[in-house]
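Colleague: Here's a structure for you.
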Amino acid sequence: MSYPDPRYLSDRGENSAKYRPAPAEPDTGFIGASTISYVATEETTGGEYGLYKVDMGPKTVGAREHFHRTISESFYVLSGEVQFYNGERWIKGGEGDFLYVPAGGLHAFQNDADEPLSMLMIFSPGAPREEYFEKAAEYAERNREELKSFQVRHDTYFTDMLDD
């Protein structure tokens with residue numbers, strides 16, 4: 001394995017680092033009993049990745065079985081316990097555990113515990129996930145056609161909606 005081709009070609013570095021102090025009120029999207037904080041959006045990283053902090057209440061469903069065609073998704077558990085579905089079986093994850101799901105990989109997650117859960121979620125390459133996080137609950141209340149169109153627009157293919 002080797003490094004990718006260079007993307008920066010100058011002989012000298014540049015002042016391009018981006019620092020973001022913790023905001024007083026985090027930028028968030030809400031899905032049910034979960035809060036998703038925008039740590040680094042695809043806009044911030046120039047499309048390289050998106051990094052989000054997910055806080056789920058006790059006994060909270062996160063996302064049922066689905067896959068993405070254009071992005072990988074990774075999870076890193078900060079605190080609490082999570083149930084990950086890896087396409088074959090459910091796995092209990094705890095603090096420090098990591099799950100990588102390549103494009104096309106079936107996955108799901110939920111908090112079955114009586115305690116809250118906090119984890120980082122990374123999409124690579126970066127994608128504009130914020131609208132998805134902010135409007136998924138609203139679209140879930142609409143008709144199935146509108147919901148499916150919204151999900152496809154956001155590269156999210158739930159297996160229970162594939163036959164429609």
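Chain labels follow the order of the structure tokens: the first chain is A, the next B, and so on; residue numbering restarts at 1 in every chain, and ligands are counted from 1 in their shown order.
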For stretch 50-64 of chain A, please output as a list in words all residues within 6 Å (counting only C-alpha atoms; exclusion window: fewer than 6 positions along the same chain).

Modeller: Ala33, Ser34, Thr35, Ile36, Ser37, Tyr38, Val39, Ala40, Thr41, Glu42, Ala108, Phe109, Gln110, Asn111, Asp112, Ala113, Asp114, Glu115, Pro116, Leu117, Ser118, Met119, Leu120, Met121, Ile122, Phe123 and Gly126 of chain A

Colleague: Pick the closest to A:Glu48 from A:Ser10, A:Ser72, A:Asn86, A:Thr156: which is it, counting only C-alpha atoms?

Modeller: A:Ser72

Colleague: Smallest atom-to-atom distance to A:Leu106: which of A:Glu43, A:Glu141, A:Glu65, A:Glu25, using only C-alpha atoms?

Modeller: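 Going through A:Glu43, A:Glu141, A:Glu65, A:Glu25 one by one, the smallest distance to A:Leu106 is for A:Glu65.
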
Colleague: Please report, as JSON, numbers by chain, each residue of chain A to which DSSP assigns strand (DSSP E) when run on this structure's backbone.

Modeller: {"A": [28, 29, 30, 31, 34, 35, 36, 37, 38, 39, 40, 50, 51, 52, 53, 54, 55, 56, 60, 61, 62, 63, 64, 65, 66, 67, 72, 73, 74, 75, 76, 77, 78, 79, 82, 83, 84, 85, 90, 91, 92, 93, 98, 99, 100, 101, 107, 108, 109, 110, 111, 117, 118, 119, 120, 121, 122, 123, 124, 157, 158]}

Colleague: Could you name the residues that touch A:Met161 at 12 Å or less, counting only C-alpha atoms, but leaving out those on the same chain fewer than 2 positions away, as a PyMOL selection string?

Modeller: chain A and resi 64-67+144-145+147-149+151-152+156-159+163-164

Colleague: Those same residues - N, CA and C atoms - I'd like them written as a tab-separated table (two decimals), in the first residue's frame.

Modeller:
```
chain	number	residue	atom	x	y	z
A	64	ARG	N	-32.27	2.32	11.09
A	64	ARG	CA	-32.49	0.90	10.76
A	64	ARG	C	-31.59	0.52	9.57
A	65	GLU	N	-31.62	-0.73	9.18
A	65	GLU	CA	-30.69	-1.25	8.18
A	65	GLU	C	-30.72	-0.45	6.88
A	66	HIS	N	-29.53	0.00	6.46
A	66	HIS	CA	-29.40	0.79	5.23
A	66	HIS	C	-27.97	0.70	4.71
A	67	PHE	N	-27.75	1.33	3.55
A	67	PHE	CA	-26.41	1.44	2.98
A	67	PHE	C	-26.31	2.75	2.22
A	144	ARG	N	-44.83	8.07	1.38
A	144	ARG	CA	-43.68	7.18	1.16
A	144	ARG	C	-42.84	7.60	-0.05
A	145	GLU	N	-43.48	8.07	-1.11
A	145	GLU	CA	-42.75	8.52	-2.31
A	145	GLU	C	-41.83	9.69	-2.00
A	147	LEU	N	-40.68	10.57	0.94
A	147	LEU	CA	-39.65	10.10	1.87
A	147	LEU	C	-38.54	9.38	1.12
A	148	LYS	N	-38.92	8.47	0.23
A	148	LYS	CA	-37.91	7.71	-0.51
A	148	LYS	C	-37.08	8.63	-1.40
A	149	SER	N	-37.69	9.59	-2.05
A	149	SER	CA	-36.98	10.55	-2.89
A	149	SER	C	-35.96	11.34	-2.06
A	151	GLN	N	-34.58	10.39	0.77
A	151	GLN	CA	-33.51	9.49	1.19
A	151	GLN	C	-32.53	9.21	0.06
A	152	VAL	N	-33.01	8.97	-1.14
A	152	VAL	CA	-32.14	8.72	-2.29
A	152	VAL	C	-31.30	9.96	-2.59
A	156	THR	N	-29.06	7.48	0.99
A	156	THR	CA	-29.43	6.60	2.10
A	156	THR	C	-30.50	5.64	1.59
A	157	TYR	N	-30.15	4.36	1.55
A	157	TYR	CA	-31.02	3.34	0.99
A	157	TYR	C	-31.40	2.35	2.08
A	158	PHE	N	-32.59	2.54	2.65
A	158	PHE	CA	-33.10	1.63	3.67
A	158	PHE	C	-33.60	0.37	3.01
A	159	THR	N	-33.18	-0.78	3.52
A	159	THR	CA	-33.51	-2.04	2.87
A	159	THR	C	-35.01	-2.33	2.90
A	163	ASP	N	-37.96	-2.30	-2.34
A	163	ASP	CA	-38.91	-2.92	-3.29
A	163	ASP	C	-39.99	-1.97	-3.77
A	164	ASP	N	-40.02	-0.77	-3.27
A	164	ASP	CA	-41.07	0.20	-3.68
A	164	ASP	C	-40.72	0.84	-4.99
```

Colleague: Stretch 105-143 of chain A: which residues are alpha helix (DSSP H) by DSSP, as a VMD selection string?

Modeller: chain A and resid 130 to 140

Colleague: By how many Å are atom CA of A:Ser124 and atom CA of A:Phe84 apart?

Modeller: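 For atom CA of A:Ser124 relative to atom CA of A:Phe84, the distance reads 18.8 Å.
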
Colleague: Of the candidates A:Glu95, A:Glu130, A:Asp160, A:Glu14, which shows the shortest atom-to-atom distance to A:Ser79, using only C-alpha atoms?

Modeller: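 Among the listed residues, the smallest separation from A:Ser79 belongs to A:Glu95.
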
Colleague: What separation in Å, quoted to one decimal, exists between atom CA of A:Asp155 and atom CA of A:Arg69?

Modeller: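 That distance, rounded to one decimal, is 6.3 Å.
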
Colleague: Take atom CA of A:Glu146 and atom CA of A:Tyr85 and report the distance between them in Å, one decimal.

Modeller: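 Pair atom CA of A:Glu146 / atom CA of A:Tyr85 returns 26.4 Å.
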